[in-house]
$ cat start_3.cif   # mmCIF, C-alpha atoms
data_model
loop_
_atom_site.label_atom_id
_atom_site.label_comp_id
_atom_site.auth_asym_id
_atom_site.auth_seq_id
_atom_site.Cartn_x
_atom_site.Cartn_y
_atom_site.Cartn_z
CA MET A 1 -41.73 -76.13 44.61
CA GLN A 2 -38.06 -76.39 45.49
CA PHE A 3 -37.18 -76.09 41.75
CA ASP A 4 -39.26 -72.87 41.39
CA GLN A 5 -37.58 -71.32 44.42
CA LYS A 6 -34.09 -72.09 43.04
CA ARG A 7 -35.17 -70.72 39.66
CA ARG A 8 -36.29 -67.44 41.24
CA GLU A 9 -32.99 -67.20 43.17
CA PHE A 10 -31.04 -67.75 39.94
CA ILE A 11 -33.02 -65.04 38.08
CA THR A 12 -32.51 -62.63 41.00
CA LEU A 13 -28.79 -63.35 40.92
CA LEU A 14 -28.67 -62.72 37.17
CA GLY A 15 -30.56 -59.44 37.58
CA GLY A 16 -28.16 -58.24 40.26
CA THR A 17 -25.18 -59.24 38.14
CA ALA A 18 -26.58 -57.46 35.10
CA ILE A 19 -26.80 -54.25 37.10
CA ALA A 20 -23.40 -54.68 38.70
CA TRP A 21 -21.50 -55.24 35.44
CA PRO A 22 -22.05 -51.79 33.89
CA LEU A 23 -21.51 -50.11 37.27
CA ALA A 24 -18.21 -51.90 37.72
CA ALA A 25 -17.17 -51.09 34.16
CA ARG A 26 -18.07 -47.43 34.71
CA ALA A 27 -16.05 -47.30 37.91
CA GLN A 28 -13.01 -48.75 36.15
CA GLN A 29 -13.05 -46.17 33.35
CA PRO A 30 -10.00 -43.88 33.77
CA MET A 31 -10.50 -40.17 34.48
CA PRO A 32 -9.81 -37.82 31.60
CA VAL A 33 -6.49 -36.04 32.02
CA VAL A 34 -5.89 -32.35 31.30
CA GLY A 35 -2.36 -31.06 30.70
CA PHE A 36 -1.62 -27.61 32.18
CA LEU A 37 1.58 -26.26 30.66
CA ARG A 38 3.31 -22.93 31.35
CA SER A 39 6.65 -21.41 30.42
CA THR A 40 6.96 -19.74 33.84
CA PRO A 41 7.52 -20.98 37.40
CA SER A 42 4.36 -22.35 38.99
CA ALA A 43 4.43 -20.59 42.39
CA PRO A 44 3.63 -17.03 41.18
CA PHE A 45 0.65 -18.29 39.20
CA MET A 46 -1.36 -20.35 41.69
CA HIS A 47 -4.16 -17.78 41.40
CA VAL A 48 -4.57 -18.52 37.68
CA VAL A 49 -4.51 -22.26 38.44
CA ALA A 50 -7.36 -21.70 40.90
CA ALA A 51 -9.28 -19.71 38.27
CA PHE A 52 -8.77 -22.49 35.72
CA GLN A 53 -9.99 -25.10 38.21
CA GLN A 54 -13.07 -22.94 38.86
CA GLY A 55 -13.85 -22.89 35.16
CA LEU A 56 -13.62 -26.67 35.05
CA ARG A 57 -15.92 -26.94 38.08
CA ASP A 58 -18.43 -24.67 36.38
CA GLU A 59 -18.57 -27.28 33.61
CA GLY A 60 -18.95 -30.12 36.11
CA PHE A 61 -15.34 -31.33 36.39
CA VAL A 62 -13.67 -31.46 39.80
CA GLU A 63 -9.98 -32.31 40.04
CA GLY A 64 -9.46 -35.65 41.76
CA GLN A 65 -13.11 -36.67 41.38
CA ASN A 66 -13.84 -36.89 37.68
CA VAL A 67 -10.81 -35.23 36.07
CA SER A 68 -7.06 -35.33 36.62
CA ILE A 69 -4.67 -32.46 35.86
CA GLU A 70 -1.00 -32.88 34.97
CA TYR A 71 0.91 -29.66 35.75
CA ARG A 72 4.12 -28.79 33.91
CA SER A 73 6.21 -25.60 34.28
CA ALA A 74 9.39 -24.67 32.43
CA ASP A 75 10.50 -22.19 35.16
CA ASN A 76 11.37 -19.60 32.48
CA HIS A 77 13.80 -22.07 30.85
CA LEU A 78 12.20 -21.97 27.42
CA ASP A 79 14.37 -24.78 26.08
CA ARG A 80 12.48 -27.16 28.39
CA LEU A 81 9.10 -26.52 26.76
CA PRO A 82 9.39 -28.98 23.82
CA GLY A 83 10.23 -31.85 26.20
CA LEU A 84 7.41 -30.95 28.59
CA ALA A 85 4.92 -30.73 25.73
CA ALA A 86 6.12 -34.07 24.32
CA ASP A 87 5.68 -35.66 27.76
CA LEU A 88 2.02 -34.57 27.90
CA VAL A 89 1.47 -35.95 24.40
CA ARG A 90 2.99 -39.31 25.43
CA ARG A 91 0.61 -39.39 28.38
CA GLN A 92 -2.26 -39.00 25.89
CA VAL A 93 -3.93 -36.17 27.77
CA ALA A 94 -7.41 -35.21 26.57
CA VAL A 95 -6.61 -31.50 26.22
CA ILE A 96 -3.65 -29.17 26.85
CA VAL A 97 -4.05 -25.69 28.37
CA ALA A 98 -1.03 -23.44 27.85
CA ASN A 99 0.24 -19.87 27.85
CA THR A 100 1.62 -18.40 24.61
CA LEU A 101 5.10 -19.91 24.42
CA ALA A 102 3.91 -23.21 25.87
CA ALA A 103 1.09 -23.34 23.32
CA GLU A 104 3.60 -22.91 20.50
CA ALA A 105 5.58 -25.88 21.87
CA ALA A 106 2.40 -27.94 22.25
CA LYS A 107 1.34 -27.11 18.70
CA ALA A 108 4.69 -28.41 17.43
CA ALA A 109 4.25 -31.59 19.49
CA THR A 110 0.73 -32.61 18.40
CA GLN A 111 -1.78 -31.98 15.64
CA THR A 112 -4.53 -34.06 17.22
CA ILE A 113 -4.79 -33.29 20.95
CA PRO A 114 -6.92 -30.15 21.51
CA ILE A 115 -4.91 -27.16 22.76
CA ILE A 116 -6.42 -24.17 24.58
CA PHE A 117 -4.07 -21.20 24.69
CA VAL A 118 -4.24 -18.16 26.98
CA THR A 119 -2.31 -15.38 25.28
CA GLY A 120 -1.63 -11.68 25.50
CA GLU A 121 -0.86 -11.46 21.79
CA ASP A 122 -2.80 -11.67 18.54
CA PRO A 123 -2.98 -15.46 17.98
CA VAL A 124 -3.46 -14.99 14.23
CA THR A 125 -0.29 -12.91 13.94
CA THR A 126 1.70 -15.40 16.01
CA GLY A 127 0.38 -18.31 13.94
CA LEU A 128 -1.52 -20.16 16.66
CA VAL A 129 -4.76 -20.00 14.65
CA ALA A 130 -5.71 -18.92 11.15
CA SER A 131 -8.95 -17.22 12.24
CA LEU A 132 -10.45 -15.99 15.52
CA ASN A 133 -14.04 -16.91 14.71
CA ARG A 134 -13.23 -20.20 12.98
CA PRO A 135 -10.00 -21.56 14.44
CA SER A 136 -8.68 -24.39 12.32
CA GLY A 137 -6.58 -27.33 13.41
CA ASN A 138 -6.50 -28.35 17.06
CA LEU A 139 -6.16 -24.94 18.76
CA THR A 140 -8.46 -22.31 20.21
CA GLY A 141 -8.24 -20.14 23.28
CA VAL A 142 -8.52 -16.84 25.09
CA VAL A 143 -6.85 -13.49 24.40
CA PHE A 144 -6.48 -11.37 27.54
CA PHE A 145 -5.23 -8.15 26.00
CA ALA A 146 -4.58 -6.51 22.64
CA SER A 147 -0.91 -5.60 22.88
CA GLY A 148 -0.58 -2.51 20.69
CA HIS A 149 -3.76 -0.80 21.86
CA LEU A 150 -3.09 -1.32 25.55
CA GLY A 151 0.58 -0.37 25.33
CA THR A 152 -0.50 2.94 23.80
CA LYS A 153 -3.11 3.49 26.52
CA ARG A 154 -0.58 2.77 29.27
CA LEU A 155 1.81 5.32 27.79
CA GLU A 156 -0.97 7.92 27.74
CA LEU A 157 -1.67 7.27 31.44
CA LEU A 158 2.02 7.77 32.30
CA HIS A 159 2.03 10.94 30.18
CA GLU A 160 -0.73 12.33 32.40
CA LEU A 161 1.04 11.44 35.62
CA VAL A 162 4.71 12.42 35.16
CA PRO A 163 6.32 15.75 34.13
CA LYS A 164 6.43 16.30 30.40
CA GLY A 165 10.20 16.66 30.28
CA ALA A 166 10.85 13.29 31.91
CA ILE A 167 12.20 10.38 29.92
CA ILE A 168 9.86 7.38 29.86
CA ALA A 169 11.52 3.99 29.74
CA VAL A 170 9.83 1.11 27.90
CA LEU A 171 10.93 -2.31 29.14
CA MET A 172 10.23 -5.24 26.83
CA ASP A 173 10.59 -9.00 27.01
CA PRO A 174 12.18 -10.00 23.66
CA SER A 175 9.49 -12.61 23.07
CA PHE A 176 6.73 -10.00 23.46
CA ALA A 177 8.15 -6.93 21.76
CA LYS A 178 5.55 -6.85 18.98
CA GLU A 179 3.71 -4.02 20.74
CA LEU A 180 6.80 -1.79 20.58
CA PRO A 181 6.08 -0.05 17.23
CA ALA A 182 2.66 1.09 18.45
CA VAL A 183 4.12 2.38 21.72
CA GLU A 184 6.92 4.24 19.89
CA GLY A 185 4.36 5.81 17.58
CA ALA A 186 2.30 6.94 20.56
CA GLY A 187 5.44 8.40 22.16
CA ARG A 188 6.12 10.50 19.06
CA ALA A 189 2.50 11.66 18.96
CA LEU A 190 2.68 12.74 22.60
CA GLY A 191 6.06 14.39 22.14
CA ARG A 192 7.68 12.17 24.79
CA GLN A 193 11.26 10.94 24.77
CA LEU A 194 11.38 7.15 25.17
CA LEU A 195 14.22 4.94 26.30
CA VAL A 196 13.49 1.50 24.86
CA ILE A 197 15.12 -1.45 26.61
CA VAL A 198 14.57 -4.89 25.11
CA MET A 199 15.98 -7.51 27.43
CA LYS A 200 18.33 -10.11 25.98
CA GLY A 201 16.55 -12.90 27.80
CA PRO A 202 14.28 -13.69 30.76
CA SER A 203 16.55 -13.45 33.81
CA GLU A 204 16.84 -11.43 37.01
CA ARG A 205 20.34 -10.37 35.93
CA GLU A 206 18.82 -8.76 32.84
CA LEU A 207 16.29 -6.96 35.03
CA ASP A 208 19.05 -5.54 37.22
CA ALA A 209 20.95 -4.39 34.13
CA ALA A 210 17.82 -2.76 32.71
CA PHE A 211 17.18 -0.72 35.86
CA SER A 212 20.84 0.30 36.02
CA ALA A 213 20.50 1.67 32.49
CA MET A 214 17.35 3.56 33.51
CA ALA A 215 19.10 5.10 36.49
CA GLN A 216 22.03 6.25 34.34
CA ALA A 217 19.62 7.83 31.84
CA GLY A 218 17.67 9.65 34.55
CA VAL A 219 14.39 8.00 33.61
CA GLY A 220 11.29 9.59 35.12
CA ALA A 221 8.74 6.83 34.47
CA LEU A 222 8.51 3.25 33.22
CA LEU A 223 6.14 1.29 31.03
CA VAL A 224 6.57 -2.47 31.51
CA GLY A 225 5.50 -4.53 28.50
CA GLY A 226 3.52 -7.73 28.58
CA GLY A 227 4.74 -11.29 28.94
CA PRO A 228 4.64 -14.13 31.45
CA PHE A 229 8.23 -13.51 32.59
CA PHE A 230 7.37 -10.03 33.84
CA THR A 231 4.29 -11.38 35.61
CA SER A 232 6.29 -14.17 37.25
CA GLN A 233 8.87 -11.58 38.38
CA ARG A 234 6.35 -8.99 39.52
CA SER A 235 7.68 -8.78 43.09
CA THR A 236 11.22 -8.20 41.78
CA LEU A 237 10.02 -5.60 39.27
CA VAL A 238 8.03 -3.69 41.86
CA ALA A 239 10.96 -3.75 44.31
CA LEU A 240 13.39 -2.45 41.66
CA ALA A 241 11.00 0.33 40.64
CA ALA A 242 10.63 1.35 44.32
CA ARG A 243 14.40 1.22 44.93
CA HIS A 244 15.05 3.53 41.98
CA ALA A 245 11.94 5.67 42.73
CA ILE A 246 10.54 5.17 39.22
CA PRO A 247 6.75 5.40 38.71
CA ALA A 248 5.74 2.36 36.63
CA ILE A 249 2.66 1.06 34.86
CA TYR A 250 2.12 -2.65 34.24
CA ASP A 251 -0.21 -4.86 32.24
CA THR A 252 -1.88 -6.79 35.10
CA ARG A 253 -3.38 -5.88 38.46
CA ASP A 254 -1.13 -8.55 39.99
CA HIS A 255 1.73 -6.03 39.88
CA VAL A 256 -0.33 -3.37 41.67
CA GLU A 257 -1.42 -5.83 44.33
CA ALA A 258 2.30 -6.56 44.82
CA GLY A 259 2.95 -2.84 45.42
CA GLY A 260 3.27 -1.44 41.89
CA LEU A 261 1.91 2.01 41.06
CA MET A 262 -0.77 1.21 38.46
CA SER A 263 -1.92 -1.20 35.79
CA TYR A 264 -4.20 -1.15 32.79
CA GLY A 265 -5.39 -4.33 31.13
CA THR A 266 -7.80 -7.21 31.30
CA SER A 267 -8.18 -9.90 33.93
CA LEU A 268 -5.65 -12.73 33.78
CA THR A 269 -7.67 -14.83 36.22
CA GLY A 270 -10.79 -14.23 34.14
CA ALA A 271 -8.96 -15.51 31.07
CA TYR A 272 -7.92 -18.72 32.84
CA ARG A 273 -11.41 -19.30 34.18
CA GLN A 274 -12.63 -19.10 30.58
CA ALA A 275 -9.90 -21.56 29.57
CA GLY A 276 -11.28 -23.91 32.22
CA LEU A 277 -14.77 -23.57 30.75
CA TYR A 278 -13.43 -24.38 27.29
CA ALA A 279 -11.49 -27.38 28.62
CA GLY A 280 -14.67 -28.68 30.23
CA ARG A 281 -16.61 -28.30 27.00
CA ILE A 282 -13.92 -30.21 25.10
CA LEU A 283 -14.05 -33.00 27.71
CA LYS A 284 -17.78 -33.16 26.99
CA GLY A 285 -17.10 -33.65 23.28
CA ALA A 286 -16.82 -30.18 21.75
CA LYS A 287 -14.24 -29.63 19.01
CA THR A 288 -11.78 -26.72 18.96
CA SER A 289 -13.24 -25.57 15.63
CA GLU A 290 -16.59 -25.08 17.39
CA LEU A 291 -15.08 -22.78 20.02
CA PRO A 292 -14.12 -19.33 18.67
CA VAL A 293 -11.17 -17.52 20.20
CA ILE A 294 -12.46 -15.29 23.00
CA GLN A 295 -11.32 -11.67 22.91
CA PRO A 296 -11.39 -9.17 25.79
CA THR A 297 -14.31 -6.77 26.04
CA THR A 298 -13.53 -4.96 29.31
CA PHE A 299 -10.36 -3.33 30.61
CA GLU A 300 -9.53 -2.12 34.10
CA LEU A 301 -7.36 0.62 35.53
CA VAL A 302 -6.01 -0.12 39.03
CA ILE A 303 -4.07 2.48 41.04
CA ASN A 304 -2.10 2.05 44.26
CA LEU A 305 -2.31 5.37 46.13
CA LYS A 306 0.04 4.16 48.87
CA THR A 307 2.76 3.63 46.27
CA ALA A 308 1.99 7.00 44.67
CA LYS A 309 2.46 8.70 48.03
CA ALA A 310 5.78 6.91 48.60
CA LEU A 311 6.94 8.21 45.20
CA GLY A 312 5.82 11.75 46.01
CA LEU A 313 3.16 11.68 43.28
CA THR A 314 -0.29 13.20 43.34
CA VAL A 315 -2.67 11.16 41.23
CA PRO A 316 -5.17 13.52 39.52
CA LEU A 317 -8.67 13.24 40.95
CA ILE A 318 -10.14 12.56 37.50
CA MET A 319 -7.80 9.58 37.11
CA GLN A 320 -8.83 8.25 40.52
CA MET A 321 -12.52 8.66 39.63
CA THR A 322 -12.13 6.79 36.33
CA ALA A 323 -10.10 3.96 37.91
CA ASP A 324 -11.85 0.63 38.36
CA GLU A 325 -10.10 0.14 41.69
CA VAL A 326 -8.01 2.38 43.94
CA ILE A 327 -5.84 0.64 46.52
CA GLU A 328 -5.23 2.78 49.60
#
$ encode --input "start_3.cif" --output "C-alpha cells"
Amino acid sequence: MQFDQKRREFITLLGGTAIAWPLAARAQQPMPVVGFLRSTPSAPFMHVVAAFQQGLRDEGFVEGQNVSIEYRSADNHLDRLPGLAADLVRRQVAVIVANTLAAEAAKAATQTIPIIFVTGEDPVTTGLVASLNRPSGNLTGVVFFASGHLGTKRLELLHELVPKGAIIAVLMDPSFAKELPAVEGAGRALGRQLLVIVMKGPSERELDAAFSAMAQAGVGALLVGGGPFFTSQRSTLVALAARHAIPAIYDTRDHVEAGGLMSYGTSLTGAYRQAGLYAGRILKGAKTSELPVIQPTTFELVINLKTAKALGLTVPLIMQMTADEVIE
C-alpha cells in the first residue's frame, strides 16, 4: 500500500516535470531581433517608427513582448552607415529594415540576413533587386513613390498655381537626383524656366546657400525633390520657404503638416506599416524571394490654405476640390 502510494507520487512528479521542461525551454528561447536602420536622424521620423511597429503588431509581434528592435540612425552622416550595418550583422538580427541609402549599406554588409527596404526610387535601377515581382538575393521591400512621374506631376501643379513668367526652382539632394531629367523635360513641355539646384551634400549650410541662390534669381516657386534628408529637414525647409515667400511643393504630407504649401505623393507611414507586415512575415518563416516588391497604387494631394493665404496665393477651386486633404 505504502509502495503504491509512493509510486503514484513519483509518476505524478515525472508528469509535472515533463510538462515543465518544454515550458521552461520555451521561456528561455531568445526573442527575435529586428534591425531598424536609417540614414537620417531618428527624431523627425518617430511617426514612421510607430507605423512600422503597427505593421509588426498586425502580424502578431509586439516590441518587448515577443520581438526586440535595435534602432540605428546615421544622423545624415552617410559615412557612418557601413559601420552601423556591420554592427547589426554582428548582432545576428533576424531581419533588417532600412531606407534607401541604409539598405545599400546593409546589402554590402550581408548576403544572408533578409533586408526590407523602404525607398522612393526604382529599386531595380538602383540595384537593390533584379526584379520587382521576383526579388532575388536577400532583399525585398516597399516603393513609396515613382520619382520621375511624381516630379513631373508636382511641376504641373506649380505651373497651375504660379504666374507663367515666374522662374521655378528645382532643389535636389545629390543622392536622389535621378528624377531630374523627367522634371526638366516637363519644364520644357510647359514652357517654364527652371533653376536647377543640386546640393553638394546633406547639410543645413547647403540649404541656406540654395535659398540664397533662389532669392538672387528672383525665383517665383519651388519644387523640392525627394530624399530622406529633405524629409528630416522639413521644418527648416518650410521656414526658409516662408522667409523668402516662395510657394513650394514637396513629396510628402509631412512637409504640409509642418506648414508647407502643398505636397503630392504617397504615404510614407503607409510604406513603413507595410515594411512592418513584411518583417513579421519573415519572422514567421517567409523568404524575401516570396515577397514581391510593393509599389504604390494611390497618390494624394494635400494643400495648406493657411500657408497659401500667407503667401498671397489663391488656390483655384478645382485644385481644392481634387485635393485629398485641405488644411485650413
$ residues_around --input "start_3.cif" --residues "A:Ala108" --least-positions-apart "6" --cutoff "10 Å" --atoms "only C-alpha atoms" --output "ChimeraX atom specification"
/A:82,85-86,102
$ write_last_selection --input "start_3.cif" --atoms "C-alpha atoms" --output "short mmCIF file (atom, residue, chain, number, x, y, z; two decimals), keeping the file's coordinate frame"
data_model
loop_
_atom_site.label_atom_id
_atom_site.label_comp_id
_atom_site.auth_asym_id
_atom_site.auth_seq_id
_atom_site.Cartn_x
_atom_site.Cartn_y
_atom_site.Cartn_z
CA PRO A 82 9.39 -28.98 23.82
CA ALA A 85 4.92 -30.73 25.73
CA ALA A 86 6.12 -34.07 24.32
CA ALA A 102 3.91 -23.21 25.87
#
$ residues_around --input "start_3.cif" --residues "A:Val183" --least-positions-apart "4" --cutoff "9 Å" --atoms "only C-alpha atoms" --output "tab-separated table (two decimals) with C-alpha atoms, keeping the file's coordinate frame"
chain	number	residue	atom	x	y	z
A	148	GLY	CA	-0.58	-2.51	20.69
A	149	HIS	CA	-3.76	-0.80	21.86
A	150	LEU	CA	-3.09	-1.32	25.55
A	151	GLY	CA	0.58	-0.37	25.33
A	152	THR	CA	-0.50	2.94	23.80
A	153	LYS	CA	-3.11	3.49	26.52
A	154	ARG	CA	-0.58	2.77	29.27
A	155	LEU	CA	1.81	5.32	27.79
A	170	VAL	CA	9.83	1.11	27.90
A	179	GLU	CA	3.71	-4.02	20.74
A	187	GLY	CA	5.44	8.40	22.16
A	188	ARG	CA	6.12	10.50	19.06
$ resolve_selection --input "start_3.cif" --expression "the PyMOL selection byres ((chain A and resi 61) around 10)" --output "list of chain:residue names"
A:Pro32, A:Gln53, A:Gln54, A:Gly55, A:Leu56, A:Arg57, A:Asp58, A:Glu59, A:Gly60, A:Val62, A:Glu63, A:Gly64, A:Gln65, A:Asn66, A:Val67, A:Ser68, A:Gly276, A:Leu277, A:Ala279, A:Gly280, A:Arg281, A:Leu283, A:Lys284
$ write_last_selection --input "start_3.cif" --atoms "C-alpha atoms" --output "CSV table (one decimal), keeping the file's coordinate frame"
chain,number,residue,atom,x,y,z
A,32,PRO,CA,-9.8,-37.8,31.6
A,53,GLN,CA,-10.0,-25.1,38.2
A,54,GLN,CA,-13.1,-22.9,38.9
A,55,GLY,CA,-13.8,-22.9,35.2
A,56,LEU,CA,-13.6,-26.7,35.0
A,57,ARG,CA,-15.9,-26.9,38.1
A,58,ASP,CA,-18.4,-24.7,36.4
A,59,GLU,CA,-18.6,-27.3,33.6
A,60,GLY,CA,-19.0,-30.1,36.1
A,62,VAL,CA,-13.7,-31.5,39.8
A,63,GLU,CA,-10.0,-32.3,40.0
A,64,GLY,CA,-9.5,-35.6,41.8
A,65,GLN,CA,-13.1,-36.7,41.4
A,66,ASN,CA,-13.8,-36.9,37.7
A,67,VAL,CA,-10.8,-35.2,36.1
A,68,SER,CA,-7.1,-35.3,36.6
A,276,GLY,CA,-11.3,-23.9,32.2
A,277,LEU,CA,-14.8,-23.6,30.8
A,279,ALA,CA,-11.5,-27.4,28.6
A,280,GLY,CA,-14.7,-28.7,30.2
A,281,ARG,CA,-16.6,-28.3,27.0
A,283,LEU,CA,-14.0,-33.0,27.7
A,284,LYS,CA,-17.8,-33.2,27.0
$ atom_distance --input "start_3.cif" --atom1 "atom CA of A:Asn304" --atom2 "atom CA of A:Ser235"
14.6 Å
$ closest_residue --input "start_3.cif" --among "A:Pro135, A:Pro228, A:Ala221, A:His159" --to "A:Leu291" --atoms "only C-alpha atoms"
A:Pro135
$ closest_residue --input "start_3.cif" --among "A:Pro292, A:Leu261, A:Leu171, A:Ala245" --to "A:Ala209" --atoms "only C-alpha atoms"
A:Leu171
